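To start, the structure under review is shown below, and the notes come after it.
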Amino acid sequence: MTMWSRFRSWSRTVVRRSQVESEMDAELRFHIEAFAEDLAGSGVPREEATRRARIEFGGIERAKEECREARGVNFIESLFQDFRYGLRMLRKNPGFTAVAVLTLALGIGANTAIFSISDAFIRKPLPFPRLERLVDLSETQPALSSEPRGISPANFLDWSSQARSYDSVSAWTLDSESLTGHDAPLKVETARVTPNFFMTLGAKPLWGRSFSVAGEGHGRDQELILARGFWERQLGSDPNIWSETLRLNGRSYVVVGIMDQSVNFPPSVDVWIPMTLQDKEGFNRKDRYLRGIARLRSGVSVRQADSESKTMARRLSESYPDTNRGWSAQVSTLTDWLNAHITGPFVVLMSTVVAFVLLIACANVANLQVVRASARQREIAVRTALGAGRQRLIRQMLTESLMLGFAGAAVGMLIARWSLRLFLGYMPADIERFVPGWDQIRLDTRALLFAIAAAGVAGLLAGLVPALRSSRLDLNASLKEGAREGLAGPSTHKSRDVLAAAQVALALVLLVGAGLMVKGFRALLDMNRKYEPETLLTMRVTLPYVSLYDDPQRRAAFHDRALENLAVIPGVRFAITAKGFPFSGLRDDGPYWTEGHLDARASAQRVAVLQSISPDYFRALGVPLTEGRGFRDSDGPDAAPVAIVARRLARAEWPNSRAIGQRLKVNSADASSPWLTVVGVVDDVRYVWMDRVEGPAIYRPYRQSPQYYTAFAVRAAGDPAALVPAARAAIAKVDPERPIFEVKTMAQVISESTLPIAYLAVMLGVAGALAVLLASMGVYGVMAFGVIERTHEIGVRMALGANPLDTLRLFLRRGMVLATTGISIGLPCALSLARLAANVLYGVRPNDPFVYIAASVTLAGIALLACYVPARRAMRVDPMVALRYE
Amino acid sequence: MDKQMELLQGTLDMLILKAVSLGPLHGYGVLLRIQQISKDRLEIQQGSLYPALYRLEHQGWISSEWGESENKRKAKYYRLTAAGRRKLQMEAEKWNRMADVIAGILQSTPEEV
């Protein structure tokens, strides 16, 4: 609708309304006059006739009102009326209005901000057309865990050629490679993808072309597509990129296209390279390093595709029991797959939390309105006497409440904007890239619509109780001369008390949640103190599968020399290597078998973190050896294969005997896989913060299991930042083509990997504080109004000799009853919600009694304070003044 | 009290339809016509007459237009629409059936039961 036509329709309504009104006037006037004339005709005096005609007709205004209602169109008009009237009422009480609007704004703003974030994560994490039709394909080991795993190339080929559920099926795998030819080798996140990958996604390059699907074969895998961000950041937006060749891990590629940054899939990717799964890899059923992505054929549901995949997996496990027994398959929407770990629980938890805040805000505003409604009793009584129906009164109150809600939404949008800016601002750029949807977070039209809907719900919620209450008014009592304004019946107390107690209960739930979260986070940080993370500088290196590093001896030699070079840097106390250090994302990454339980079946498999370390590892990290010996330099490739196990694993596997001397195999149960003899047991180390407990771990000497993906660390005597250039040089001296990346102190690694939980802790903390503030306002409001209301009564009591302290006690007792009721309702709710949250949340112990006690005491204390201030006022009431107070 | 009002309204609507079915009438005329037909045995709340008229018009059973009254004054006249005629017929039948049933019940004797 244009501005002009809107104006026209509005003015027509107004004009027509006055016409209809005047016609109605004329009609009724005619009736009364005609009636009076008839009366006069029968001999009644003129004036008396008019008077009697009016009396017999009855309430003219009431009749008019009923006529308007009967006509139906009245609704809009009376809404206008209500609106104008409401505006006047709200303007007349600026204090009330400001508090109510601000309270609702906080609630609505918080909800809108979280909505924008959730919406980005859930609905549009990636900019692909019909994103909801894209699915992730995974293999699973149902007996072991529900975690989706990768797909092996041969299984993928069977899957993609036999499945009928999809328009197109693609595979990808992410690797990090070294880009050379520039000043220093660059670490590049390389996605190898089947040529139809972008076709499946429905993404087109910004410049250049996509991979061609036809004519797979030689030469094609020498092409690559760059992510725009990588091109700009690392290649300085080089315009001549098209004519150059890029060398990745020693192979040459030509750039054929550049993808827009929003096509961030797989998350954090820098370049895409086409892969062909023909040749030898096409028969590899064992190594599940691929991920599948497919676009559903129209009309096929995710559930159908999933059951088809399970049928196919069953067939494969029958045909190839060696590699496929115990494996099943799983199809889930891409969005679900992306949100499975951090963003999903985050969305659930934060939406619940802010919904609670909004509920508290509504209860608060409801309370304010109940209080105000009792102060407006006289006005309401007058309106009722003048013919306002109950429905009309309820509508008036609801209109006012809705107006508060919408004003709250307007201010709330500002709050949402501001809090989103805070939220987005604190995330480091290199973490952002791992969160699909992060760059889509913004306050858009949907957020606005959400805020409006939230305002509507909040307005109704906050207005319902006061509206229903005040419309049930005893007319006679309120209109009686001398009735004190605001003297409310016991049911007013009740509804206000219920609202206040509900606020306390809700606030307690949030406070407990915040307490658990913050405490869990603190415990997490404290636990890592023992590694002295500030002085440990870590860095990662990846050795390519190709060329000389195929040979394990060469990999071991690389480690040997790198460690030697690092150790001689001045200021370095220890130089160590490991597959990964705590918090670097290492997780139960390999199966193991103990002697006597050598069962190839997947269901018998157990998994552990499989580490590959240098002898000083435990000493440098301060992890005590509890049994046996550590590794020595002599534990080389020709020596007997040895292992050190974490205490948890030792206790689980050999509960009744010594772990030392036991034997186990890792990675493969084949005869070619060597038996490792346990020579030591160490304290548990938590490698992933998401895990509630330290997982099992098996350590091997790096010379007996030299890795491709590896990390080094130096323990500095002083500030490790000064060592960065020397450490880089030390490794570059061994192989100048290997990029050294993620050079960070362990403190940095920890703070980055725990960032999501830090975010949650802070947000819950803020929500909890907000909730306590609102709830204390609620209790204060109830008590303060109670004092005003009972000033007269208090005066009488005092005049009759009541002790001021008794008065104080009277109010404090009422406040404490409120608070304890709220707390005793809130505690079980908090406990059950915390248990639910602990399932989706890592590191939270839901049964921590300290948090529950602390939250209850805090809340009770604040409630006591909120009572004390008005109660003191009651204590100081001057009986003379109070008795005169009418 | 509400219940009683509703009952009254139901009958009032029917009476109004009947009154205007005999020829266009203004509001006051409707009142007079009903009193006249009922021989003043029905007391009609004048205040409730107009809301009923507006409601019937809103529902499309009567229509209105401004005309001139007997003593040359502007007055709003109501007339029955086709839909209103059907409605009146239906209501009248319903009313008669109801009255028959009720009368039958009230006249029943112990032998008949």
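Chains: A, B, ... in order of the structure tokens. Residues: from 1 per chain. Ligands: from 1, in order shown.
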Non-local contacts of Tyr78 (chain B) (6 Å; only C-alpha atoms; under 4 positions in same chain excluded) as a list in words:
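Once the adjacent positions are removed, what remains is Pro24, Leu25, His26, Ser63 and Ser64 of chain B.
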Shell of 8 Å around Lys204 (chain A), only C-alpha atoms, local chain residues under 6 positions omitted, as a PyMOL selection string
chain A and resi 198+210+259
Show me, as a Markdown table, the residues of chain B having an atom within 10 Å of chain A, each with the closest atom pair and its distance in Å, using only C-alpha atoms.
```
| residue | atom | partner | partner_atom | distance |
| --- | --- | --- | --- | --- |
| B:His26 | CA | A:His31 | CA | 8.6 |
| B:Gly27 | CA | A:His31 | CA | 6.8 |
| B:Tyr28 | CA | A:His31 | CA | 5.3 |
| B:Gly29 | CA | A:His31 | CA | 8.7 |
| B:Leu31 | CA | A:His31 | CA | 9.7 |
| B:Leu32 | CA | A:Phe35 | CA | 9.6 |
| B:Ile44 | CA | A:Phe57 | CA | 9.9 |
| B:Gln45 | CA | A:Phe57 | CA | 7.2 |
| B:Gln46 | CA | A:Phe57 | CA | 4.9 |
| B:Gly47 | CA | A:Phe57 | CA | 5.4 |
| B:Ser48 | CA | A:Ala63 | CA | 6.6 |
| B:Leu49 | CA | A:Ala63 | CA | 8.6 |
| B:Tyr50 | CA | A:Cys67 | CA | 6.5 |
| B:Pro51 | CA | A:Cys67 | CA | 4.2 |
| B:Ala52 | CA | A:Ala70 | CA | 7.5 |
| B:Leu53 | CA | A:Cys67 | CA | 8.3 |
| B:Tyr54 | CA | A:Arg71 | CA | 5.8 |
| B:Arg55 | CA | A:Ala70 | CA | 4.7 |
| B:Leu56 | CA | A:Ala70 | CA | 8.5 |
| B:Glu57 | CA | A:Arg71 | CA | 7.9 |
| B:His58 | CA | A:Arg71 | CA | 5.6 |
| B:Gln59 | CA | A:Arg71 | CA | 8.8 |
| B:Trp66 | CA | A:Glu23 | CA | 9.5 |
| B:Ser69 | CA | A:Phe30 | CA | 9.8 |
| B:Asn71 | CA | A:Ala34 | CA | 9.4 |
| B:Arg73 | CA | A:Phe30 | CA | 8.3 |
| B:Lys74 | CA | A:Phe30 | CA | 8.0 |
| B:Ala75 | CA | A:Glu27 | CA | 6.6 |
| B:Lys76 | CA | A:Glu27 | CA | 6.5 |
| B:Tyr77 | CA | A:Glu27 | CA | 9.8 |
```
With C-alpha atoms retained, could you export that selection as a PDB file, in the first residue's frame?
```
ATOM      1  CA  HIS B  26     -39.001   4.542  10.837  1.00  0.00           C
ATOM      2  CA  GLY B  27     -37.724   3.467  14.245  1.00  0.00           C
ATOM      3  CA  TYR B  28     -40.444   5.198  16.194  1.00  0.00           C
ATOM      4  CA  GLY B  29     -42.966   3.808  13.786  1.00  0.00           C
ATOM      5  CA  LEU B  31     -42.315   0.863  18.162  1.00  0.00           C
ATOM      6  CA  LEU B  32     -45.803   2.171  17.555  1.00  0.00           C
ATOM      7  CA  ILE B  44     -40.683  -2.599  24.676  1.00  0.00           C
ATOM      8  CA  GLN B  45     -37.499  -1.030  25.951  1.00  0.00           C
ATOM      9  CA  GLN B  46     -37.054   1.903  23.609  1.00  0.00           C
ATOM     10  CA  GLY B  47     -33.305   1.982  24.202  1.00  0.00           C
ATOM     11  CA  SER B  48     -32.908  -1.581  22.977  1.00  0.00           C
ATOM     12  CA  LEU B  49     -34.907  -0.995  19.804  1.00  0.00           C
ATOM     13  CA  TYR B  50     -32.160   0.833  17.901  1.00  0.00           C
ATOM     14  CA  PRO B  51     -29.308  -1.586  18.604  1.00  0.00           C
ATOM     15  CA  ALA B  52     -31.660  -4.305  17.323  1.00  0.00           C
ATOM     16  CA  LEU B  53     -32.418  -2.323  14.176  1.00  0.00           C
ATOM     17  CA  TYR B  54     -28.719  -1.707  13.563  1.00  0.00           C
ATOM     18  CA  ARG B  55     -27.965  -5.361  14.106  1.00  0.00           C
ATOM     19  CA  LEU B  56     -30.686  -6.508  11.700  1.00  0.00           C
ATOM     20  CA  GLU B  57     -29.444  -4.054   9.121  1.00  0.00           C
ATOM     21  CA  HIS B  58     -25.888  -5.206   9.620  1.00  0.00           C
ATOM     22  CA  GLN B  59     -27.036  -8.764   9.018  1.00  0.00           C
ATOM     23  CA  TRP B  66     -33.711   8.481   4.597  1.00  0.00           C
ATOM     24  CA  SER B  69     -42.124  11.423   7.857  1.00  0.00           C
ATOM     25  CA  ASN B  71     -45.226  15.498   9.473  1.00  0.00           C
ATOM     26  CA  ARG B  73     -39.504  15.660   8.845  1.00  0.00           C
ATOM     27  CA  LYS B  74     -36.453  13.744   7.790  1.00  0.00           C
ATOM     28  CA  ALA B  75     -36.576  10.190   9.151  1.00  0.00           C
ATOM     29  CA  LYS B  76     -34.756   6.980   8.524  1.00  0.00           C
ATOM     30  CA  TYR B  77     -37.055   4.293   7.083  1.00  0.00           C
TER      31      TYR B  77
END
```
For Tyr699 (chain A), list every protein, DNA or RNA residue within 10 Å, evaluated using only C-alpha atoms, and leave out those in the same chain fewer than 3 positions away; present the list as a list in words.
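My reading of the contact set: Ala578, Lys579, Ala608, Val609, Leu610, Gln611, Ser612, Ile613, Ser614, Phe631, Val642, Ala643, Ile644, Val645, Ala646, Val678, Gly680, Val681, Val682, Tyr702 and Ser705 of chain A.
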Those selected residues, please, written with N, CA and C atoms and delivered as a short mmCIF file (atom, residue, chain, number, x, y, z; two decimals), in the first residue's frame.
```
data_model
loop_
_atom_site.label_atom_id
_atom_site.label_comp_id
_atom_site.auth_asym_id
_atom_site.auth_seq_id
_atom_site.Cartn_x
_atom_site.Cartn_y
_atom_site.Cartn_z
N ALA A 578 54.06 -33.90 20.00
CA ALA A 578 52.90 -34.77 20.24
C ALA A 578 52.02 -34.67 19.02
N LYS A 579 51.11 -35.61 18.90
CA LYS A 579 50.15 -35.53 17.80
C LYS A 579 49.29 -34.28 17.99
N ALA A 608 40.33 -44.77 21.89
CA ALA A 608 41.11 -43.95 22.82
C ALA A 608 41.82 -42.88 22.03
N VAL A 609 42.28 -41.85 22.75
CA VAL A 609 43.18 -40.89 22.14
C VAL A 609 44.50 -41.61 21.92
N LEU A 610 44.98 -41.62 20.69
CA LEU A 610 46.25 -42.29 20.41
C LEU A 610 47.31 -41.22 20.22
N GLN A 611 48.17 -41.11 21.21
CA GLN A 611 49.18 -40.06 21.16
C GLN A 611 50.51 -40.60 20.66
N SER A 612 51.31 -39.69 20.19
CA SER A 612 52.65 -40.04 19.74
C SER A 612 53.56 -38.94 20.25
N ILE A 613 54.38 -39.24 21.25
CA ILE A 613 55.04 -38.16 21.99
C ILE A 613 56.54 -38.38 22.13
N SER A 614 57.22 -37.30 22.51
CA SER A 614 58.64 -37.41 22.81
C SER A 614 58.81 -37.61 24.32
N PHE A 631 59.06 -42.77 28.56
CA PHE A 631 59.77 -43.16 27.35
C PHE A 631 61.21 -42.71 27.42
N VAL A 642 56.54 -50.10 22.61
CA VAL A 642 56.05 -49.87 23.98
C VAL A 642 54.93 -48.84 23.97
N ALA A 643 54.24 -48.79 25.09
CA ALA A 643 53.15 -47.81 25.22
C ALA A 643 53.03 -47.41 26.68
N ILE A 644 52.54 -46.22 26.89
CA ILE A 644 52.16 -45.77 28.23
C ILE A 644 50.66 -45.50 28.16
N VAL A 645 49.91 -45.93 29.19
CA VAL A 645 48.46 -45.72 29.12
C VAL A 645 48.02 -44.78 30.23
N ALA A 646 46.91 -44.12 29.98
CA ALA A 646 46.34 -43.24 31.00
C ALA A 646 45.69 -44.11 32.08
N VAL A 678 52.83 -52.40 27.64
CA VAL A 678 52.64 -51.24 28.51
C VAL A 678 53.83 -51.16 29.46
N GLY A 680 54.28 -48.06 31.31
CA GLY A 680 54.01 -47.03 32.32
C GLY A 680 52.56 -46.62 32.33
N VAL A 681 52.15 -46.03 33.46
CA VAL A 681 50.80 -45.49 33.59
C VAL A 681 50.93 -44.03 34.03
N VAL A 682 50.17 -43.14 33.36
CA VAL A 682 50.22 -41.71 33.74
C VAL A 682 48.85 -41.22 34.16
N TYR A 702 57.30 -41.23 19.71
CA TYR A 702 57.11 -40.74 18.33
C TYR A 702 57.96 -41.50 17.33
N SER A 705 56.01 -44.38 16.15
CA SER A 705 54.77 -44.08 15.42
C SER A 705 54.81 -42.65 14.90
#
```
Using DSSP on the backbone, list every residue of region 171-393 of chain A that comes out as helix (DSSP H, G or I), and give them as a ChimeraX atom specification.
/A:197-201,220-222,228-234,239-243,281-283,302-319,321-324,334-339,343-375,377-385,390-393
To one decimal place, how far is CA of Val256 (chain A) from CA of Thr180 (chain A) in Å?
18.7 Å
Residues within 7 Å of Ala19 (chain B), only C-alpha atoms, excluding chain neighbours under 4 positions, as a ChimeraX atom specification
/B:15,30,33-34
Write out as a PyMOL selection string the set of residues from region 55-249 of chain A that DSSP, computed on the backbone, places in strand (DSSP E).
chain A and resi 134-140+166-180+186-193+207-208+223-227+245-248
Export of the given selection (C-alpha atoms) as an mmCIF file, in the first residue's frame:
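File produced: again.cif:
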```cif
data_model
loop_
_atom_site.group_PDB
_atom_site.id
_atom_site.type_symbol
_atom_site.label_atom_id
_atom_site.label_comp_id
_atom_site.auth_asym_id
_atom_site.auth_seq_id
_atom_site.Cartn_x
_atom_site.Cartn_y
_atom_site.Cartn_z
ATOM 1 C CA LEU A 134 20.892 -30.802 1.302
ATOM 2 C CA VAL A 135 21.826 -33.771 3.459
ATOM 3 C CA ASP A 136 24.962 -35.097 5.064
ATOM 4 C CA LEU A 137 25.798 -38.756 4.434
ATOM 5 C CA SER A 138 27.774 -40.565 7.096
ATOM 6 C CA GLU A 139 28.666 -44.033 8.144
ATOM 7 C CA THR A 140 28.036 -44.890 11.773
ATOM 8 C CA TYR A 166 19.148 -38.001 -4.579
ATOM 9 C CA ASP A 167 19.524 -35.640 -7.503
ATOM 10 C CA SER A 168 23.252 -35.603 -6.979
ATOM 11 C CA VAL A 169 25.711 -37.088 -4.517
ATOM 12 C CA SER A 170 29.158 -35.668 -3.781
ATOM 13 C CA ALA A 171 32.035 -36.354 -1.443
ATOM 14 C CA TRP A 172 34.580 -34.116 0.163
ATOM 15 C CA THR A 173 37.488 -34.346 2.525
ATOM 16 C CA LEU A 174 39.389 -31.605 4.288
ATOM 17 C CA ASP A 175 43.149 -31.553 4.619
ATOM 18 C CA SER A 176 45.776 -28.977 5.349
ATOM 19 C CA GLU A 177 48.521 -28.513 2.798
ATOM 20 C CA SER A 178 51.465 -26.272 2.219
ATOM 21 C CA LEU A 179 51.430 -23.490 -0.360
ATOM 22 C CA THR A 180 54.964 -22.619 -1.405
ATOM 23 C CA LEU A 186 51.412 -21.029 3.883
ATOM 24 C CA LYS A 187 49.095 -23.488 5.530
ATOM 25 C CA VAL A 188 46.073 -23.996 3.296
ATOM 26 C CA GLU A 189 42.833 -25.745 4.245
ATOM 27 C CA THR A 190 42.233 -27.845 1.181
ATOM 28 C CA ALA A 191 38.928 -29.460 0.398
ATOM 29 C CA ARG A 192 39.199 -32.291 -2.114
ATOM 30 C CA VAL A 193 35.780 -32.602 -3.653
ATOM 31 C CA TRP A 207 34.631 -15.284 -11.039
ATOM 32 C CA GLY A 208 35.834 -17.996 -13.368
ATOM 33 C CA GLU A 223 42.655 -27.295 -11.147
ATOM 34 C CA LEU A 224 41.604 -25.426 -8.066
ATOM 35 C CA ILE A 225 39.048 -22.889 -6.927
ATOM 36 C CA LEU A 226 40.006 -20.273 -4.354
ATOM 37 C CA ALA A 227 37.903 -19.005 -1.486
ATOM 38 C CA THR A 245 50.374 -21.792 -11.035
ATOM 39 C CA LEU A 246 50.042 -22.467 -7.320
ATOM 40 C CA ARG A 247 52.233 -25.116 -5.724
ATOM 41 C CA LEU A 248 50.488 -27.098 -3.007
#
```
Applying 8 Å and only C-alpha atoms, which residues near Ala769 (chain A) remain after dropping the ones on its own chain fewer than 4 positions away? List them as an mmCIF file with C-alpha atoms, in the first residue's frame.
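So part_29.cif came out as:
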```cif
data_model
loop_
_atom_site.group_PDB
_atom_site.id
_atom_site.type_symbol
_atom_site.label_atom_id
_atom_site.label_comp_id
_atom_site.auth_asym_id
_atom_site.auth_seq_id
_atom_site.Cartn_x
_atom_site.Cartn_y
_atom_site.Cartn_z
ATOM 1 C CA LEU A 511 20.513 -17.820 38.646
ATOM 2 C CA GLY A 765 25.546 -14.539 33.842
ATOM 3 C CA LEU A 773 17.156 -7.333 39.070
#
```
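Straight-line separation from CA of Lys519 (chain A) to CA of Ala837 (chain A): 14.6 Å.
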Applying 10 Å and only C-alpha atoms, which residues near Met90 (chain B) remain after dropping the ones on its own chain fewer than 6 positions away? List them as JSON, numbers by chain.
{"B": [14, 84, 96]}
Using N, CA and C atoms, can you export the residues from the last selection as a PDB file, in the first residue's frame?
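Output file part-v9.pdb follows:
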```
ATOM      1  N   MET B  14     -37.632 -10.673  15.859  1.00  0.00           N
ATOM      2  CA  MET B  14     -38.709 -11.234  15.050  1.00  0.00           C
ATOM      3  C   MET B  14     -39.855 -10.237  14.915  1.00  0.00           C
ATOM      4  N   GLY B  84     -34.502 -10.957   4.558  1.00  0.00           N
ATOM      5  CA  GLY B  84     -35.240 -10.729   5.791  1.00  0.00           C
ATOM      6  C   GLY B  84     -36.588 -11.440   5.771  1.00  0.00           C
ATOM      7  N   ASN B  96     -43.763 -20.985  16.021  1.00  0.00           N
ATOM      8  CA  ASN B  96     -45.042 -21.687  16.107  1.00  0.00           C
ATOM      9  C   ASN B  96     -44.852 -23.138  16.524  1.00  0.00           C
TER      10      ASN B  96
END
```
